[in-house]
Amino acid sequence: MKNVYLWWGICSLFFIGGCTQRQINLAVPGVSKELAVYRKASVSDLKYKLEFHLPAQQKEAVKGKVEISFHLSKPEQIILDFREDREKIKQITVNGQLSAYRFEKEHIIIPVSESVVGFNRMEIVFIAGDRSLNRNEDYMYTLLVPDRARTLFPCFDQPDLKARFTLSLRLPQEWQAVSNAPEKDAYEADKNRWVCFAETEPLSTYLFSFVAGRFERAFYTQEGRDISIYHRETDPQRVVQLPLIAGQVFGALNWMEEYTGIPYPFAKYDLIILPGFQFGGMEHTGATLYNDNRMFLTSHPTVNEELGRAELIAHETAHMWFGDYVTMKWFDDVWTKEVFANFFAAKMIKPLFPAVNHTLNDLKNFYAASYSEDRTAGSNAIKQDLGNLKDAGLVYGQIIYNKAPIVMQMLEKQLGEEAFRKGIQEYLDTYAYSNADWEGLMDILDRYTPVDLKKWSHIWVHEKGLPEISARKEKGWWWLVQRDTWNRGIQWAQPVSVMFVKGDSIKIKEMLLEKEKTRISLAAETDIVVPGGGGKGYGYFALDTASLSYGLKHWKDFQDPLHRMSILMALYENKRQGKLKSADFLTSILTSIQREENPLIYSALLGYLESCCADLCTDKESIQKAEEKCLTLIYSSLGKEYRLGAFRTLLRIFRSPSCSQKIYTIWRLQQLPEGLYLSERDYMNMTYELCIRLPEKSEEMLEIQQSRITNPDRRREFNYVARALSPCAEVRDSLFFSLLKAENRQIEPWTLAVISYLNHPLRQKEALKYIRPALEALEDIQRTGDIFFPKNWVAATLRGHRSPAAANSVRDFLEAHPSYPPLLRNKILQSADHLLRLE
Ligand SMILES: [Zn+2]
């Protein structure tokens, strides 16, 4: 696809430095790196003064006006980004004169004769693009990351051209508005409300944002700091959580100020909680957006849910310093902001949850999530090449969110906590309100350590994949062996824990793995050696037959939760690699899950159980045993959280008519086993799952459940998703094909739920025909959707499939598209891993 754009040719000749002539290929859609470098070299002191007229009617156009002022260091064509039809540009004046601009391939090109060296001022009257306005009946919000500011208004849409924004909005009278800066003025005129915001600090375009509509606003104050939380929630049980949310935000702000030594660097901080928001959160400076389901928990949340919310709040708050205050130059370094957000979030939540084993939590979250992509044929390096910002969304994934923090923890260990902190403070001071890259950070940290950081960074940051680590007995000695599964001959240097078992004696030792083979001292007489046992080390720990059967039998016997979890994770990864049978792993889990006392491990076990059941979808006996175990757990004397976890797992795996009947009775009578609490969302999910098992009752169930939902946003979601539960295959087919049109999939989380139910494990055969068209649509999904949509779209399509026919469908697609965009191809390979490994 990229190659095609090359034909569109060279559009312009540019005179650089007065005498050197250089050709720049600018007539490509998107923002090429070349264009970004070209503009950065000459444009500075940038300001946008923006005005939008937001109509009450969703279908009416949003009119806009932007005044762009900047300094130009040499005479040249001014190239702005605007990803809309040319008809939407109504008028352009440059330095007081009507412009004779051209519009080509998403760019407004102002002739060199109209620009002046020094101060330039342009004014553009336009119709705003709707693509990133997320318009609903009575509210809207912008989401412009990574390169979507250019869909809303003409601009220089690249992160290293930071600008000060001044925004004015005309709104329907009863609407509220919130943006990056504080409100400066508000008044009513002509039955409309005008809200004018103060000028922002320097911001990258992707961080500019506003939200407008009908919202409730809650104020909170602590130690002279005010925050507002805007929301649309009506359920008192959820609204009551707002003070706790505000408390965590204050806590995170204080923590970041203390660690960095830099007071919160922007004028104000507000939160907006949105239904159907496509991410968990988005760190718009001073106006962070959050997904309502991640923020409002049930009345009896699990530890995992509480940890998840606290991590999310800490993550988005950390971004105010890492991402907003210091921003990456280009989106190939977007990981440098995500890594710090997650790395510091993990530190921040520790004091909030003193009862939680945080080393275990990191292992369970960062490592497991990172392996889910790093083990696949679609693995990518932490730092990826990015030629054009239109592909920037595709560099996001588990690797940057979860492998990068693991790597950062290693870096902190090498430098020592205090030196690391000083280095980070110097980094923030050096690049305040500006932009940096990974190399800039390395240069600073390099001064705080004798370690060769460049060499270390090359392996961990610039190369993809994970080492396969195994223990081998040779010539009377045990050796720890690492192998590069991509055959590049890479050797990773890291401390790895190893478990030694001889009879009843168990020892865990940490050793440094640097070379291909490392001799394990004191292990010559050991019967079983389990690499990674103990929880230290990043890699695929390939277990031999003896350690596999030892692990299956004894994982439950380890007192230390970290040891238990490390064995379970190794077993799971060996199952994924086809070295351990799902049936054997399932039996081991079912035998001992009721004894597990650690809530984090217990929830991991339920996840493994579900994964085994998905693999064993045709094995009725195994599924029935899993159902029975879940029912035993639900009705047991275990804690509420454990019983609830078992109930939610049962909802995803149940098959037998007797179990369906039991769940149906619970749903109909809303009579739960004593002491168990279900949320409205649990009931919604129960309805969806029951409709698939009991199609004859689906119409009645959907009607009843709909009448139980009181919040209008949630009812809208339910009605949207419920269409996927139709017992009629033709209805489902036409729903699926309707989603191939962008206008029918605007609310991404709801669309993904529909795709998941259409491709439900119990409907695999009928859904086989959806795979190919869903993959064919992927490039359009990327073009029209937000960052996580392409990966989530493929994952929702393929997750429920386990048949060789489904695997062939993916293979056929990949073969038919040999020059498919590599970043997008990776997303398919990551999501199809379980299919492509089928025998
Ligand atoms: Zn983030």
# chains A, B, ... in the order shown; residues from 1 in each chain; ligands from 1
call {"tool": "residues_near_ligand", "arguments": {"ligand": "ligand 1", "cutoff": "8 Å", "atoms": "only C-alpha atoms and all ligand atoms", "output": "list in words"}}
result
Gly281, Met282, Glu283, His315, Glu316, His319, Lys337, Glu338, Ala341, Asn342 and Tyr401 of chain A
call {"tool": "write_last_selection", "arguments": {"atoms": "N, CA and C atoms", "output": "compact mmCIF listing (two decimals), in the first residue's frame"}}
result
# COMPACT_ATOMS: atom_id res chain seq x y z
N GLY A 281 -8.35 5.50 28.88
CA GLY A 281 -8.23 6.92 29.18
C GLY A 281 -7.39 7.60 28.12
N MET A 282 -7.49 8.92 28.04
CA MET A 282 -6.64 9.67 27.13
C MET A 282 -6.22 10.96 27.80
N GLU A 283 -4.91 11.16 27.81
CA GLU A 283 -4.32 12.19 28.65
C GLU A 283 -4.35 13.59 28.05
N HIS A 315 -1.70 6.19 35.54
CA HIS A 315 -1.12 6.22 34.20
C HIS A 315 -1.41 7.55 33.50
N GLU A 316 -2.68 7.92 33.47
CA GLU A 316 -3.06 9.15 32.75
C GLU A 316 -2.47 10.39 33.45
N HIS A 319 1.10 10.95 32.64
CA HIS A 319 1.28 11.51 31.29
C HIS A 319 1.39 13.03 31.30
N LYS A 337 6.59 7.73 26.21
CA LYS A 337 5.60 8.29 27.14
C LYS A 337 4.80 7.17 27.80
N GLU A 338 4.46 6.13 27.02
CA GLU A 338 3.66 5.04 27.59
C GLU A 338 4.46 4.27 28.65
N ALA A 341 4.43 6.25 31.84
CA ALA A 341 3.09 6.27 32.44
C ALA A 341 2.84 4.95 33.18
N ASN A 342 3.17 3.83 32.56
CA ASN A 342 2.93 2.53 33.21
C ASN A 342 3.94 2.24 34.32
N TYR A 401 3.28 -1.02 25.92
CA TYR A 401 2.65 -0.79 27.23
C TYR A 401 3.23 -1.70 28.32
call {"tool": "closest_atom_pairs", "arguments": {"of": "region 179-267 of chain A", "to": "region 123-144 of chain A", "cutoff": "12 Å", "atoms": "only C-alpha atoms", "output": "JSON lines"}}
result
{"residue": "A:Ser179", "atom": "CA", "partner": "A:Tyr141", "partner_atom": "CA", "distance": 9.8}
{"residue": "A:Asn180", "atom": "CA", "partner": "A:Thr142", "partner_atom": "CA", "distance": 11.6}
{"residue": "A:Ser204", "atom": "CA", "partner": "A:Leu144", "partner_atom": "CA", "distance": 10.4}
{"residue": "A:Thr205", "atom": "CA", "partner": "A:Leu144", "partner_atom": "CA", "distance": 7.6}
{"residue": "A:Tyr206", "atom": "CA", "partner": "A:Leu144", "partner_atom": "CA", "distance": 5.0}
{"residue": "A:Leu207", "atom": "CA", "partner": "A:Leu144", "partner_atom": "CA", "distance": 7.0}
{"residue": "A:Phe208", "atom": "CA", "partner": "A:Leu144", "partner_atom": "CA", "distance": 7.3}
{"residue": "A:Ser209", "atom": "CA", "partner": "A:Thr142", "partner_atom": "CA", "distance": 5.6}
{"residue": "A:Phe210", "atom": "CA", "partner": "A:Thr142", "partner_atom": "CA", "distance": 5.9}
{"residue": "A:Val211", "atom": "CA", "partner": "A:Tyr141", "partner_atom": "CA", "distance": 4.3}
{"residue": "A:Ala212", "atom": "CA", "partner": "A:Met140", "partner_atom": "CA", "distance": 5.5}
{"residue": "A:Gly213", "atom": "CA", "partner": "A:Tyr139", "partner_atom": "CA", "distance": 3.8}
{"residue": "A:Arg214", "atom": "CA", "partner": "A:Tyr139", "partner_atom": "CA", "distance": 6.0}
{"residue": "A:Phe215", "atom": "CA", "partner": "A:Tyr139", "partner_atom": "CA", "distance": 8.1}
{"residue": "A:Glu216", "atom": "CA", "partner": "A:Tyr139", "partner_atom": "CA", "distance": 11.9}
{"residue": "A:Tyr230", "atom": "CA", "partner": "A:Tyr139", "partner_atom": "CA", "distance": 11.7}
{"residue": "A:His231", "atom": "CA", "partner": "A:Tyr139", "partner_atom": "CA", "distance": 10.8}
{"residue": "A:Arg232", "atom": "CA", "partner": "A:Tyr139", "partner_atom": "CA", "distance": 9.8}
call {"tool": "select_by_dssp", "arguments": {"residues": "region 480-682 of chain A", "states": "strand (DSSP E)", "output": "count of residues only"}}
result
32
call {"tool": "atom_distance", "arguments": {"atom1": "CA of Arg39 (chain A)", "atom2": "CA of Lys74 (chain A)"}}
result
10.7 Å
call {"tool": "closest_atom_pairs", "arguments": {"of": "region 248-359 of chain A", "to": "region 707-723 of chain A", "cutoff": "12 Å", "atoms": "only C-alpha atoms", "output": "JSON lines"}}
result
{"residue": "A:Leu274", "atom": "CA", "partner": "A:Asp713", "partner_atom": "CA", "distance": 9.7}
{"residue": "A:Pro275", "atom": "CA", "partner": "A:Asp713", "partner_atom": "CA", "distance": 6.7}
{"residue": "A:Gly276", "atom": "CA", "partner": "A:Glu717", "partner_atom": "CA", "distance": 7.9}
{"residue": "A:Phe277", "atom": "CA", "partner": "A:Asp713", "partner_atom": "CA", "distance": 11.6}
{"residue": "A:Asp292", "atom": "CA", "partner": "A:Arg714", "partner_atom": "CA", "distance": 10.4}
{"residue": "A:Asn293", "atom": "CA", "partner": "A:Arg714", "partner_atom": "CA", "distance": 10.4}
call {"tool": "write_last_selection", "arguments": {"atoms": "N, CA, C and O atoms", "output": "mmCIF file, in the first residue's frame"}}
result
data_model
loop_
_atom_site.group_PDB
_atom_site.id
_atom_site.type_symbol
_atom_site.label_atom_id
_atom_site.label_comp_id
_atom_site.auth_asym_id
_atom_site.auth_seq_id
_atom_site.Cartn_x
_atom_site.Cartn_y
_atom_site.Cartn_z
ATOM 1 N N LEU A 274 -16.689 9.211 30.069
ATOM 2 C CA LEU A 274 -17.571 9.098 28.906
ATOM 3 C C LEU A 274 -18.074 7.672 28.686
ATOM 4 O O LEU A 274 -17.293 6.722 28.768
ATOM 5 N N PRO A 275 -19.358 7.519 28.365
ATOM 6 C CA PRO A 275 -19.845 6.199 27.987
ATOM 7 C C PRO A 275 -19.342 5.839 26.586
ATOM 8 O O PRO A 275 -19.274 6.707 25.717
ATOM 9 N N GLY A 276 -18.983 4.584 26.401
ATOM 10 C CA GLY A 276 -18.560 4.125 25.070
ATOM 11 C C GLY A 276 -17.237 4.709 24.614
ATOM 12 O O GLY A 276 -16.922 4.670 23.417
ATOM 13 N N PHE A 277 -16.439 5.258 25.558
ATOM 14 C CA PHE A 277 -15.149 5.842 25.154
ATOM 15 C C PHE A 277 -14.226 4.723 24.653
ATOM 16 O O PHE A 277 -14.143 3.662 25.268
ATOM 17 N N ASP A 292 -16.183 5.094 31.029
ATOM 18 C CA ASP A 292 -17.030 4.978 32.237
ATOM 19 C C ASP A 292 -16.940 3.602 32.902
ATOM 20 O O ASP A 292 -16.971 3.502 34.128
ATOM 21 N N ASN A 293 -16.802 2.559 32.097
ATOM 22 C CA ASN A 293 -16.768 1.219 32.717
ATOM 23 C C ASN A 293 -15.471 0.935 33.462
ATOM 24 O O ASN A 293 -15.408 0.048 34.302
#
call {"tool": "residues_around", "arguments": {"residues": "region 465-476 of chain A", "least_positions_apart": "6", "cutoff": "8 Å", "atoms": "only C-alpha atoms", "output": "ChimeraX atom specification"}}
result
/A:374-375,379-381,482-486,491-492,524,529-531,538-544
call {"tool": "residues_around", "arguments": {"residues": "Ser547 (chain A)", "least_positions_apart": "2", "cutoff": "12 Å", "atoms": "only C-alpha atoms", "output": "tab-separated table (two decimals) with C-alpha atoms, in the first residue's frame"}}
result
chain	number	residue	atom	x	y	z
A	470	SER	CA	15.70	-23.87	28.78
A	471	ALA	CA	17.75	-26.02	31.12
A	472	ARG	CA	19.80	-28.83	29.62
A	498	VAL	CA	16.11	-20.96	38.43
A	499	MET	CA	14.40	-23.55	40.57
A	500	PHE	CA	16.25	-26.72	41.58
A	501	VAL	CA	14.37	-29.74	42.83
A	502	LYS	CA	15.91	-32.82	44.38
A	526	THR	CA	19.57	-31.99	40.76
A	527	ASP	CA	16.65	-34.03	39.36
A	528	ILE	CA	14.60	-31.20	38.00
A	529	VAL	CA	15.60	-27.71	36.94
A	530	VAL	CA	12.90	-25.16	36.18
A	531	PRO	CA	14.21	-22.04	34.43
A	532	GLY	CA	12.25	-18.95	35.41
A	533	GLY	CA	10.91	-20.71	38.51
A	541	PHE	CA	10.82	-20.73	29.64
A	542	ALA	CA	10.67	-23.99	27.71
A	543	LEU	CA	10.15	-26.76	30.24
A	544	ASP	CA	11.31	-30.34	29.65
A	545	THR	CA	9.00	-33.28	30.24
A	549	SER	CA	4.90	-32.84	34.99
A	550	TYR	CA	6.52	-31.54	38.18
A	551	GLY	CA	4.94	-28.12	37.58
A	552	LEU	CA	1.48	-29.55	36.88
A	553	LYS	CA	1.59	-31.58	40.07
A	554	HIS	CA	3.22	-29.15	42.45
A	555	TRP	CA	2.47	-25.52	41.49
A	567	ILE	CA	5.32	-21.96	37.49
A	568	LEU	CA	1.75	-21.36	36.28
A	570	ALA	CA	5.54	-21.13	32.43
A	571	LEU	CA	2.93	-23.91	32.13
A	574	ASN	CA	4.26	-24.07	27.23
A	579	LYS	CA	4.27	-28.45	24.52
A	580	LEU	CA	1.59	-29.02	27.14
call {"tool": "closest_residue", "arguments": {"among": "A:Ala56, A:Leu98, A:Leu752, A:Val496", "to": "Asn192 (chain A)", "atoms": "only C-alpha atoms"}}
result
A:Ala56
call {"tool": "atom_distance", "arguments": {"atom1": "CA of Ala724 (chain A)", "atom2": "CA of Gln237 (chain A)"}}
result
29.1 Å
call {"tool": "closest_residue", "arguments": {"among": "A:Leu171, A:Met410, A:Val62, A:Leu616", "to": "Ala186 (chain A)", "atoms": "only C-alpha atoms"}}
result
A:Leu171
call {"tool": "residues_around", "arguments": {"residues": "Met408 (chain A)", "least_positions_apart": "4", "cutoff": "12 Å", "atoms": "only C-alpha atoms", "output": "VMD selection string"}}
result
chain A and resid 335 to 344 346 366 382 400 to 404 412 to 417 420 424 441 to 442 445 453 456 to 457 460 to 461
call {"tool": "atom_distance", "arguments": {"atom1": "CA of Glu779 (chain A)", "atom2": "CA of Trp750 (chain A)"}}
result
19.7 Å
call {"tool": "closest_residue", "arguments": {"among": "A:Ser656, A:Asn598, A:Ser803, A:Gln746", "to": "Ile781 (chain A)", "atoms": "only C-alpha atoms"}}
result
A:Gln746
call {"tool": "select_by_dssp", "arguments": {"residues": "region 453-578 of chain A", "states": "alpha helix (DSSP H)", "output": "VMD selection string"}}
result
chain A and resid 453 to 462 545 to 554 561 to 576
call {"tool": "write_last_selection", "arguments": {"atoms": "N, CA and C atoms", "output": "CSV table (one decimal), in the first residue's frame"}}
result
chain,number,residue,atom,x,y,z
A,453,LEU,N,24.9,1.5,28.1
A,453,LEU,CA,23.4,1.5,27.9
A,453,LEU,C,23.0,1.4,26.4
A,454,LYS,N,23.9,1.8,25.5
A,454,LYS,CA,23.6,1.8,24.1
A,454,LYS,C,23.5,0.3,23.6
A,455,LYS,N,24.4,-0.5,24.1
A,455,LYS,CA,24.4,-1.9,23.7
A,455,LYS,C,23.2,-2.6,24.3
A,456,TRP,N,22.9,-2.3,25.6
A,456,TRP,CA,21.7,-2.9,26.2
A,456,TRP,C,20.5,-2.4,25.5
A,457,SER,N,20.4,-1.2,25.2
A,457,SER,CA,19.2,-0.6,24.5
A,457,SER,C,19.0,-1.3,23.1
A,458,HIS,N,20.1,-1.6,22.5
A,458,HIS,CA,19.9,-2.2,21.1
A,458,HIS,C,19.2,-3.5,21.2
A,459,ILE,N,19.5,-4.3,22.1
A,459,ILE,CA,18.9,-5.6,22.2
A,459,ILE,C,17.5,-5.5,22.7
A,460,TRP,N,17.3,-4.7,23.8
A,460,TRP,CA,15.9,-4.8,24.4
A,460,TRP,C,14.9,-3.8,23.8
A,461,VAL,N,15.4,-2.7,23.2
A,461,VAL,CA,14.5,-1.7,22.7
A,461,VAL,C,14.3,-1.8,21.1
A,462,HIS,N,15.5,-2.1,20.5
A,462,HIS,CA,15.4,-2.0,19.0
A,462,HIS,C,15.2,-3.4,18.3
A,545,THR,N,10.1,-32.4,29.8
A,545,THR,CA,9.0,-33.3,30.2
A,545,THR,C,8.9,-33.4,31.8
A,546,ALA,N,10.1,-33.6,32.4
A,546,ALA,CA,10.1,-33.8,33.8
A,546,ALA,C,9.6,-32.5,34.6
A,547,SER,N,10.1,-31.3,34.1
A,547,SER,CA,9.7,-30.1,34.8
A,547,SER,C,8.2,-29.8,34.5
A,548,LEU,N,7.7,-30.2,33.3
A,548,LEU,CA,6.3,-29.9,33.0
A,548,LEU,C,5.4,-30.7,34.0
A,549,SER,N,5.8,-32.0,34.1
A,549,SER,CA,4.9,-32.8,35.0
A,549,SER,C,5.1,-32.4,36.5
A,550,TYR,N,6.3,-32.0,36.8
A,550,TYR,CA,6.5,-31.5,38.2
A,550,TYR,C,5.7,-30.3,38.4
A,551,GLY,N,5.7,-29.4,37.5
A,551,GLY,CA,4.9,-28.1,37.6
A,551,GLY,C,3.4,-28.4,37.7
A,552,LEU,N,2.9,-29.2,36.8
A,552,LEU,CA,1.5,-29.6,36.9
A,552,LEU,C,1.1,-30.1,38.2
A,553,LYS,N,1.9,-30.9,38.8
A,553,LYS,CA,1.6,-31.6,40.1
A,553,LYS,C,1.8,-30.7,41.3
A,554,HIS,N,2.8,-29.8,41.2
A,554,HIS,CA,3.2,-29.2,42.4
A,554,HIS,C,3.0,-27.6,42.5
A,561,PRO,N,3.7,-16.9,46.7
A,561,PRO,CA,2.9,-16.7,45.6
A,561,PRO,C,3.7,-16.4,44.3
A,562,LEU,N,4.8,-15.8,44.4
A,562,LEU,CA,5.6,-15.5,43.2
A,562,LEU,C,6.1,-16.8,42.6
A,563,HIS,N,6.5,-17.7,43.4
A,563,HIS,CA,6.9,-19.0,42.9
A,563,HIS,C,5.7,-19.7,42.2
A,564,ARG,N,4.6,-19.7,42.9
A,564,ARG,CA,3.4,-20.4,42.3
A,564,ARG,C,3.1,-19.8,40.9
A,565,MET,N,3.0,-18.4,40.9
A,565,MET,CA,2.7,-17.7,39.7
A,565,MET,C,3.7,-18.0,38.5
A,566,SER,N,4.9,-18.0,38.9
A,566,SER,CA,6.0,-18.2,37.9
A,566,SER,C,5.8,-19.6,37.2
A,567,ILE,N,5.5,-20.6,38.0
A,567,ILE,CA,5.3,-22.0,37.5
A,567,ILE,C,4.1,-22.0,36.6
A,568,LEU,N,3.0,-21.4,37.1
A,568,LEU,CA,1.8,-21.4,36.3
A,568,LEU,C,1.9,-20.6,35.0
A,569,MET,N,2.7,-19.5,35.0
A,569,MET,CA,2.9,-18.8,33.8
A,569,MET,C,3.7,-19.6,32.8
A,570,ALA,N,4.7,-20.3,33.3
A,570,ALA,CA,5.5,-21.1,32.4
A,570,ALA,C,4.7,-22.3,31.8
A,571,LEU,N,3.8,-22.8,32.7
A,571,LEU,CA,2.9,-23.9,32.1
A,571,LEU,C,2.0,-23.4,31.0
A,572,TYR,N,1.5,-22.2,31.3
A,572,TYR,CA,0.6,-21.6,30.3
A,572,TYR,C,1.3,-21.3,29.0
A,573,GLU,N,2.5,-20.7,29.1
A,573,GLU,CA,3.3,-20.4,27.9
A,573,GLU,C,3.7,-21.7,27.1
A,574,ASN,N,4.0,-22.8,27.9
A,574,ASN,CA,4.3,-24.1,27.2
A,574,ASN,C,3.0,-24.6,26.6
A,575,LYS,N,1.8,-24.4,27.2
A,575,LYS,CA,0.6,-24.8,26.5
A,575,LYS,C,0.4,-24.0,25.2
A,576,ARG,N,0.7,-22.7,25.2
A,576,ARG,CA,0.5,-21.9,24.0
A,576,ARG,C,1.5,-22.4,22.9
call {"tool": "closest_residue", "arguments": {"among": "A:Ser611, A:Ser497, A:Ser726, A:Gln705", "to": "Arg693 (chain A)", "atoms": "only C-alpha atoms"}}
result
A:Ser726
call {"tool": "residues_around", "arguments": {"residues": "Arg811 (chain A)", "least_positions_apart": "4", "cutoff": "12 Å", "atoms": "only C-alpha atoms", "output": "list of chain:residue names"}}
result
A:Ile771, A:Arg772, A:Leu775, A:Pro804, A:Ala805, A:Ala806, A:Ala807, A:Glu815, A:Ala816, A:His817, A:Pro818, A:Arg825, A:Ile828, A:Leu829, A:Ala832, A:Asp833, A:Leu835, A:Leu836, A:Arg837
call {"tool": "write_last_selection", "arguments": {"atoms": "N, CA, C and O atoms", "output": "compact mmCIF listing (two decimals), in the first residue's frame"}}
result
# COMPACT_ATOMS: atom_id res chain seq x y z
N ILE A 771 -14.65 -14.20 8.50
CA ILE A 771 -13.22 -13.93 8.73
C ILE A 771 -12.59 -13.18 7.57
O ILE A 771 -11.95 -12.13 7.76
N ARG A 772 -12.78 -13.70 6.38
CA ARG A 772 -12.11 -13.09 5.21
C ARG A 772 -12.55 -11.63 5.01
O ARG A 772 -11.71 -10.73 4.94
N LEU A 775 -11.07 -9.36 7.59
CA LEU A 775 -9.66 -9.04 7.33
C LEU A 775 -9.53 -8.08 6.15
O LEU A 775 -8.71 -7.16 6.17
N PRO A 804 -9.37 -25.53 12.13
CA PRO A 804 -8.36 -25.43 11.06
C PRO A 804 -8.88 -24.61 9.87
O PRO A 804 -8.10 -23.91 9.22
N ALA A 805 -10.19 -24.65 9.65
CA ALA A 805 -10.75 -23.87 8.53
C ALA A 805 -10.54 -22.37 8.79
O ALA A 805 -10.24 -21.60 7.87
N ALA A 806 -10.70 -21.96 10.05
CA ALA A 806 -10.49 -20.55 10.38
C ALA A 806 -9.02 -20.18 10.18
O ALA A 806 -8.70 -19.11 9.65
N ALA A 807 -8.14 -21.10 10.60
CA ALA A 807 -6.70 -20.86 10.41
C ALA A 807 -6.39 -20.71 8.92
O ALA A 807 -5.64 -19.81 8.52
N GLU A 815 -1.59 -14.91 2.30
CA GLU A 815 -0.94 -15.30 1.04
C GLU A 815 -1.43 -14.46 -0.12
O GLU A 815 -0.67 -14.13 -1.04
N ALA A 816 -2.70 -14.12 -0.07
CA ALA A 816 -3.27 -13.33 -1.18
C ALA A 816 -2.80 -11.87 -1.14
O ALA A 816 -3.02 -11.13 -2.08
N HIS A 817 -2.20 -11.46 -0.02
CA HIS A 817 -1.75 -10.06 0.11
C HIS A 817 -0.29 -10.02 0.51
O HIS A 817 0.05 -9.63 1.64
N PRO A 818 0.60 -10.43 -0.38
CA PRO A 818 2.02 -10.53 -0.01
C PRO A 818 2.65 -9.18 0.35
O PRO A 818 3.59 -9.13 1.11
N ARG A 825 -0.09 -6.18 9.23
CA ARG A 825 0.09 -7.63 9.15
C ARG A 825 0.44 -8.20 10.53
O ARG A 825 -0.05 -9.25 10.94
N ILE A 828 -2.54 -8.84 12.64
CA ILE A 828 -3.24 -10.09 12.29
C ILE A 828 -2.49 -11.28 12.89
O ILE A 828 -3.09 -12.16 13.51
N LEU A 829 -1.18 -11.29 12.72
CA LEU A 829 -0.39 -12.42 13.21
C LEU A 829 -0.48 -12.53 14.74
O LEU A 829 -0.50 -13.62 15.30
N ALA A 832 -3.97 -13.94 15.50
CA ALA A 832 -4.24 -15.27 14.93
C ALA A 832 -3.29 -16.32 15.50
O ALA A 832 -3.31 -17.47 15.06
N ASP A 833 -2.47 -15.94 16.47
CA ASP A 833 -1.44 -16.86 16.97
C ASP A 833 -2.03 -18.22 17.35
O ASP A 833 -1.48 -19.26 17.00
N LEU A 835 -4.60 -19.69 16.27
CA LEU A 835 -5.06 -20.46 15.09
C LEU A 835 -3.88 -20.98 14.29
O LEU A 835 -3.87 -22.12 13.83
N LEU A 836 -2.86 -20.12 14.13
CA LEU A 836 -1.74 -20.50 13.28
C LEU A 836 -0.88 -21.59 13.92
O LEU A 836 -0.07 -22.22 13.25
N ARG A 837 -1.07 -21.81 15.22
CA ARG A 837 -0.34 -22.90 15.88
C ARG A 837 -1.11 -24.21 15.89
O ARG A 837 -0.60 -25.22 16.37
call {"tool": "residues_around", "arguments": {"residues": "Leu739 (chain A)", "least_positions_apart": "5", "cutoff": "8 Å", "atoms": "only C-alpha atoms", "output": "VMD selection string"}}
result
chain A and resid 744 to 745 751
